[in-house]
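**Student:** Supplied in structure tokens, the structure appears directly below.
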Amino acid sequence: MAVRVRFAPSPTGRLHVGNLFVALQNWLFAKAHEGKFLLRLDDTDRQRSTAAFAEGIGEDLRWLGLAWDEQVAQSARGAVYDAAAERLRRGGRLYPCYETPEELALKRKAQLQSHQAPVYDRAALRLGHADRAALEASGRKPHWRFLLDRRETRWDDLVRGPQHIDEASQSDPVLVREDGSYLYTLPSVADDADLGVTHVIRGNDHVTNTGAQVQIFEALGAAVPRFGHLPLLIDATGEGLSKRTGSLSLAELREAGTEPLALLAYLARIGTGEPMRPVHDPGTLVATHDLSRFGASSPRFDPAELAQLNAKHLHETPYDAVADRLAAFGVEQPLWEAVRGNVATLADAAAWKRICSERIEVPREDPPLLEAAAALLPPEPWNEETWSLWTRAVGAATGRKGKALFHPLRLALTGRGDGPELRLLLPLLGRHRAHARLATGNG
Ligand code: GLU
């Protein structure tokens, strides 16, 4: 059986790390099983879905290198849902109901007062043809509920293990609204059936829906996919991540200098207790992919841990892997190799480029030392040995050593108290600029 999975975001906002966690697990599952990864835009909410958000989702996934094999939008698939609804109606599994939201609220209240579960009482099933005709003549339009088989539905969850939902404790779900539009459940099942989805991997906020969905697959005569329900990520305060608050959107993380592979490596292992290690090829993540490593508890997304992994990732990144992006900053290979061990984001390399090639003012601590150092600068060409030969001579001439020697030199040469090895930076600065900074504090 060829594996087909789907990532099904609603284009009602930009993706956040919680969405990406789900997308990535689907993508890895597809790769691990040589299957297909589908992008399904759940855009049935016409009010809140926009083309710009749909475009943003595509842009985020492309940035991360999560290529998809097929794409569909629910807004274009009404005929599939109409056919599914028709089949359920014919099978006696979709029935019209006429209660207003106020009437339903009253029923629930009465049930709760008499200590009953607030499950829909199926009063609409007792309506005769004449009752329905009278209600419709009075202007009421039906919404449509799926008639649940009141039994226990079971499935073996790829993440959580054996699960069961007792459908006797659930209300028959509304699949079609009064205006004829569909709620999430029917389009989702009809699409999964029509597109041959074999594994539904999604957030555990859908566990309770799964019982009814399994029954709808069966009522449609479709193969029931396997399900895997991932825990939802939480932030530092223990709150769920919500795209409506814009929290930790991928767009923001990208803007802040997050490397795609660092983010993927982080989300591949979050919550598993395994050490965070940089990866330079997403294939490495496929090899260790295993949905059962995630439990039911919510992994905490820690931006500081991601930033650390991001820095580690860059420290190991060879020039060729980032050459095009560095070109935008005018950073060439020798500079990258000198500074990569000291950057947290790629943009930090641009800052070092400016330090090496633009005129800056620098602090002049210990002027006699700096004057002697300027006078002792050897003629060019310089290489990686120049620094130690020169500082040995400066030390001998001035009697300074250790921090008293190196700190004022570093400050005067770069304007900063720490940074990359000066052995590598000095040849990039060049004699003219180094001399001016040491002798005048400006160069
Ligand atoms: N659009 C739904 C969501 O984002 C999809 C759920 C599903 O994967 O079935 O929650």
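Labels used: A, B, ... for chains in the order of the structure tokens, numbers from 1 for residues in each chain, and numbers from 1 for ligands as shown.
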Show me which residues are within 8 Å of ligand 1 counting only C-alpha atoms and all ligand atoms, and format the list as a VMD selection string.
**Tutor:** chain A and resid 6 to 10 19 41 to 42 184 to 185 188 to 189 200 to 203 205 to 206
**Student:** Would you save the residues of that selection, restricted to all heavy atoms, as a tab-separated table (two decimals), in the first residue's frame?
**Tutor:**
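Once written, out.tsv looks like this:
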chain	number	residue	atom	x	y	z
A	6	ARG	N	-1.32	13.81	4.60
A	6	ARG	CA	-1.62	15.19	4.23
A	6	ARG	C	-1.43	16.11	5.42
A	6	ARG	O	-1.59	15.73	6.57
A	6	ARG	CB	-3.03	15.30	3.64
A	6	ARG	CG	-4.21	15.43	4.60
A	6	ARG	CD	-4.35	14.36	5.60
A	6	ARG	NE	-5.62	14.31	6.28
A	6	ARG	CZ	-5.95	15.00	7.39
A	6	ARG	NH1	-5.10	15.81	7.97
A	6	ARG	NH2	-7.16	14.86	7.92
A	7	PHE	N	-1.03	17.34	5.08
A	7	PHE	CA	-0.98	18.42	6.07
A	7	PHE	C	-2.13	19.33	5.68
A	7	PHE	O	-2.25	19.71	4.51
A	7	PHE	CB	0.38	19.12	5.98
A	7	PHE	CG	0.46	20.38	6.82
A	7	PHE	CD1	0.09	20.37	8.16
A	7	PHE	CD2	0.93	21.56	6.26
A	7	PHE	CE1	0.18	21.52	8.92
A	7	PHE	CE2	1.02	22.72	7.02
A	7	PHE	CZ	0.65	22.70	8.35
A	8	ALA	N	-3.02	19.65	6.64
A	8	ALA	CA	-4.28	20.31	6.30
A	8	ALA	C	-4.50	21.60	7.09
A	8	ALA	O	-5.41	21.68	7.91
A	8	ALA	CB	-5.43	19.33	6.54
A	9	PRO	N	-3.68	22.62	6.83
A	9	PRO	CA	-3.88	23.87	7.58
A	9	PRO	C	-5.04	24.68	7.02
A	9	PRO	O	-5.40	24.52	5.85
A	9	PRO	CB	-2.56	24.62	7.35
A	9	PRO	CG	-2.12	24.16	5.99
A	9	PRO	CD	-2.57	22.72	5.87
A	10	SER	N	-5.62	25.52	7.86
A	10	SER	CA	-6.62	26.48	7.38
A	10	SER	C	-5.88	27.78	7.08
A	10	SER	O	-5.13	28.26	7.92
A	10	SER	CB	-7.66	26.75	8.46
A	10	SER	OG	-8.30	25.55	8.78
A	19	ASN	N	2.01	24.30	14.10
A	19	ASN	CA	1.56	23.76	12.81
A	19	ASN	C	2.72	23.04	12.11
A	19	ASN	O	2.54	21.97	11.52
A	19	ASN	CB	1.10	24.87	11.85
A	19	ASN	CG	0.04	25.77	12.44
A	19	ASN	OD1	0.21	26.97	12.50
A	19	ASN	ND2	-1.07	25.18	12.88
A	41	LEU	N	-5.55	22.63	1.69
A	41	LEU	CA	-5.91	23.89	2.32
A	41	LEU	C	-7.36	23.81	2.79
A	41	LEU	O	-8.29	23.68	1.97
A	41	LEU	CB	-5.72	25.05	1.34
A	41	LEU	CG	-4.24	25.30	0.99
A	41	LEU	CD1	-4.12	26.27	-0.17
A	41	LEU	CD2	-3.44	25.78	2.19
A	42	ASP	N	-7.56	23.83	4.08
A	42	ASP	CA	-8.91	23.75	4.66
A	42	ASP	C	-9.51	25.15	4.69
A	42	ASP	O	-9.54	25.80	5.73
A	42	ASP	CB	-8.84	23.13	6.07
A	42	ASP	CG	-8.66	21.61	6.02
A	42	ASP	OD1	-8.48	21.07	4.90
A	42	ASP	OD2	-8.69	20.97	7.09
A	184	TYR	N	-16.22	21.32	9.31
A	184	TYR	CA	-14.94	20.66	9.04
A	184	TYR	C	-15.05	19.15	8.79
A	184	TYR	O	-14.40	18.59	7.90
A	184	TYR	CB	-13.98	20.96	10.21
A	184	TYR	CG	-12.97	19.89	10.49
A	184	TYR	CD1	-11.84	19.75	9.66
A	184	TYR	CD2	-13.13	18.98	11.53
A	184	TYR	CE1	-10.92	18.75	9.89
A	184	TYR	CE2	-12.22	17.98	11.76
A	184	TYR	CZ	-11.11	17.87	10.95
A	184	TYR	OH	-10.22	16.87	11.17
A	185	THR	N	-15.91	18.46	9.57
A	185	THR	CA	-15.84	16.99	9.62
A	185	THR	C	-16.07	16.30	8.27
A	185	THR	O	-15.27	15.46	7.86
A	185	THR	CB	-16.86	16.45	10.65
A	185	THR	OG1	-16.63	17.14	11.87
A	185	THR	CG2	-16.72	14.97	10.86
A	188	SER	N	-13.39	16.92	5.55
A	188	SER	CA	-12.12	16.28	5.91
A	188	SER	C	-12.16	14.79	5.58
A	188	SER	O	-11.26	14.26	4.93
A	188	SER	CB	-11.85	16.51	7.40
A	188	SER	OG	-10.60	15.96	7.73
A	189	VAL	N	-13.24	14.14	6.00
A	189	VAL	CA	-13.34	12.69	5.75
A	189	VAL	C	-13.51	12.42	4.25
A	189	VAL	O	-12.86	11.53	3.69
A	189	VAL	CB	-14.53	12.09	6.53
A	189	VAL	CG1	-14.75	10.64	6.13
A	189	VAL	CG2	-14.27	12.19	8.04
A	200	VAL	N	-3.64	9.55	8.76
A	200	VAL	CA	-4.02	10.90	9.17
A	200	VAL	C	-3.20	11.25	10.41
A	200	VAL	O	-3.44	10.70	11.49
A	200	VAL	CB	-5.53	10.97	9.46
A	200	VAL	CG1	-5.90	12.32	10.08
A	200	VAL	CG2	-6.33	10.74	8.17
A	201	ILE	N	-2.22	12.14	10.22
A	201	ILE	CA	-1.34	12.52	11.34
A	201	ILE	C	-1.63	13.98	11.65
A	201	ILE	O	-1.46	14.84	10.79
A	201	ILE	CB	0.14	12.30	10.95
A	201	ILE	CG1	0.36	10.83	10.60
A	201	ILE	CG2	1.07	12.74	12.08
A	201	ILE	CD1	1.64	10.55	9.83
A	202	ARG	N	-2.11	14.26	12.85
A	202	ARG	CA	-2.57	15.61	13.17
A	202	ARG	C	-2.50	15.83	14.68
A	202	ARG	O	-2.05	14.96	15.42
A	202	ARG	CB	-4.00	15.79	12.67
A	202	ARG	CG	-4.95	14.77	13.26
A	202	ARG	CD	-6.34	14.87	12.64
A	202	ARG	NE	-7.21	13.81	13.10
A	202	ARG	CZ	-8.41	13.58	12.61
A	202	ARG	NH1	-8.90	14.35	11.66
A	202	ARG	NH2	-9.14	12.59	13.08
A	203	GLY	N	-2.98	16.99	15.11
A	203	GLY	CA	-2.91	17.34	16.53
A	203	GLY	C	-3.92	16.56	17.35
A	203	GLY	O	-4.97	16.14	16.85
A	205	ASP	N	-5.95	17.52	19.38
A	205	ASP	CA	-7.25	18.18	19.57
A	205	ASP	C	-8.32	17.51	18.71
A	205	ASP	O	-9.50	17.84	18.84
A	205	ASP	CB	-7.17	19.70	19.27
A	205	ASP	CG	-6.46	20.02	17.96
A	205	ASP	OD1	-5.69	19.17	17.46
A	205	ASP	OD2	-6.69	21.11	17.43
A	206	HIS	N	-7.91	16.57	17.86
A	206	HIS	CA	-8.89	15.88	17.01
A	206	HIS	C	-9.19	14.45	17.46
A	206	HIS	O	-9.89	13.72	16.76
A	206	HIS	CB	-8.42	15.87	15.55
A	206	HIS	CG	-8.48	17.24	14.92
A	206	HIS	ND1	-9.66	17.83	14.55
A	206	HIS	CD2	-7.51	18.14	14.64
A	206	HIS	CE1	-9.42	19.03	14.05
A	206	HIS	NE2	-8.13	19.25	14.09
**Student:** Pick out the closest residue to A:Lys36 from this set: A:Ala134, A:Leu195, A:Gly65, A:Val159. Count only C-alpha atoms.
**Tutor:**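 Distance minimum relative to A:Lys36 lands on A:Leu195.
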**Student:** Give me the residues near A:Glu358 as a list in words, where near means some atom within 10 Å (using only C-alpha atoms) and where sequence neighbours in that chain fewer than 2 positions away do not count.
**Tutor:** Trp352, Lys353, Arg354, Ile355, Cys356, Ile360, Leu429, Arg433 and Gly443 of chain A
**Student:** Show which residues sit within 12 Å of A:Arg46, as a ChimeraX atom specification. Count only C-alpha atoms, and ignore same-chain residues fewer than 3 positions away.
**Tutor:** /A:10-12,41-43,49-51,73-76,181-183
**Student:** If you measure from atom CA of A:Ala193 to atom CA of A:Glu152, what distance in Å do you get, rounded to one decimal?
**Tutor:**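 Value for the atom CA of A:Ala193-atom CA of A:Glu152 distance: 21.9 Å.
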**Student:** If you count only C-alpha atoms, which residues fall within 12 Å of A:Ala347, apart from same-chain ones fewer than 5 positions away, as a list in words?
**Tutor:**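 In the requested form, the answer reads Arg254, Glu255, Ala256, Gly257, Thr258, Glu259, Ala311, Leu314, Val322, Arg325, Leu326, Ala327, Ala328, Phe329, Gly330, Val331, Trp336, Val339, Arg340, Asn342, Trp352, Lys353 and Arg354 of chain A.
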**Student:** Name the closest residue to A:Arg160 among the candidates A:Leu106, A:Val343, A:Leu389, A:Val207; distances are taken between atoms, counting only C-alpha atoms.
**Tutor:**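 Among A:Leu106, A:Val343, A:Leu389, A:Val207, it is A:Val207 that comes nearest to A:Arg160.
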**Student:** Could you give me, as a PyMOL selection string, each residue of stretch 272-387 of chain A that DSSP assigns to helix (DSSP H, G or I) when run on this structure's backbone?
**Tutor:** chain A and resi 282-287+291-293+303-315+319-327+333-342+346-357+367-376+386-387
**Student:** What does the distance from atom CA of A:Thr345 to atom CA of A:Leu61 come to in Å, to one decimal?
**Tutor:**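 Calculated distance between atom CA of A:Thr345 and atom CA of A:Leu61 is 20.2 Å.
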**Student:** Quick one: everything within 12 Å of A:Gly238, counting only C-alpha atoms, minus sequence neighbours fewer than 5 positions away in the same chain. Send it as a ChimeraX atom specification.
**Tutor:** /A:232-233,297-302
**Student:** Could you pull the residues within 7 Å of stretch 292-296 of chain A, counting only C-alpha atoms, minus those fewer than 3 positions along the same chain, as a list in words?
**Tutor:**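 So the residues in contact are Leu158, Val159, Arg160, Leu230, Pro231, Gly271 and Thr272 of chain A.
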**Student:** Could you save those same residues with N, CA and C atoms as a PDB file, in the first residue's frame?
**Tutor:**
ATOM      1  N   LEU A 158      -1.182   5.762  16.018  1.00  0.00           N
ATOM      2  CA  LEU A 158       0.251   5.642  15.731  1.00  0.00           C
ATOM      3  C   LEU A 158       1.103   6.327  16.806  1.00  0.00           C
ATOM      4  N   VAL A 159       0.513   7.290  17.496  1.00  0.00           N
ATOM      5  CA  VAL A 159       1.247   8.006  18.535  1.00  0.00           C
ATOM      6  C   VAL A 159       0.841   7.516  19.924  1.00  0.00           C
ATOM      7  N   ARG A 160      -0.456   7.354  20.132  1.00  0.00           N
ATOM      8  CA  ARG A 160      -0.969   7.137  21.490  1.00  0.00           C
ATOM      9  C   ARG A 160      -1.300   5.686  21.826  1.00  0.00           C
ATOM     10  N   LEU A 230      -0.739  13.764  17.476  1.00  0.00           N
ATOM     11  CA  LEU A 230       0.455  14.322  18.108  1.00  0.00           C
ATOM     12  C   LEU A 230       0.080  15.274  19.235  1.00  0.00           C
ATOM     13  N   PRO A 231       0.908  15.327  20.267  1.00  0.00           N
ATOM     14  CA  PRO A 231       0.637  16.308  21.321  1.00  0.00           C
ATOM     15  C   PRO A 231       0.782  17.718  20.764  1.00  0.00           C
ATOM     16  N   GLY A 271      10.412  17.208  22.669  1.00  0.00           N
ATOM     17  CA  GLY A 271       9.554  16.349  23.489  1.00  0.00           C
ATOM     18  C   GLY A 271       9.988  14.894  23.558  1.00  0.00           C
ATOM     19  N   THR A 272      11.068  14.532  22.859  1.00  0.00           N
ATOM     20  CA  THR A 272      11.471  13.119  22.869  1.00  0.00           C
ATOM     21  C   THR A 272      12.552  12.866  23.911  1.00  0.00           C
TER      22      THR A 272
END
**Student:** Out of A:Ala124, A:Ala236, A:Ala393, A:Leu309, which residue has the shortest atom-to-atom distance to A:Thr100 when counting only C-alpha atoms?
**Tutor:** A:Ala124
**Student:** Measuring atom to atom with only C-alpha atoms, identify which of A:Ala436, A:Trp382, A:Thr317, A:Leu39 is nearest to A:Arg62.
**Tutor:**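 That would be A:Leu39, the residue with the smallest distance to A:Arg62.
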**Student:** Could you please determine the separation between atom CA of A:Leu346 and atom CA of A:Leu253 in Å, to one decimal place?
**Tutor:**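 A separation of 13.1 Å between them.
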**Student:** Find the residue from A:Val286, A:Ala373, A:Leu409, A:Leu424 that sits nearest to A:Arg269; use only C-alpha atoms when measuring.
**Tutor:**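 Smallest separation from A:Arg269 among the options: A:Val286.
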**Student:** Please give the complete set of residues from stretch 67-182 of chain A that DSSP, run on the backbone, assigns to strand (DSSP E), formatted as a VMD selection string.
**Tutor:** chain A and resid 70 to 73 94 to 97 143 to 146 152 to 157 161 to 166 174 to 176
**Student:** Pick from A:Pro187, A:Pro142, A:Gly228, A:Pro118: nearest to A:Pro162, with only C-alpha atoms counted?
**Tutor:**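 Comparing A:Pro187, A:Pro142, A:Gly228, A:Pro118 against A:Pro162, the winner is A:Gly228.
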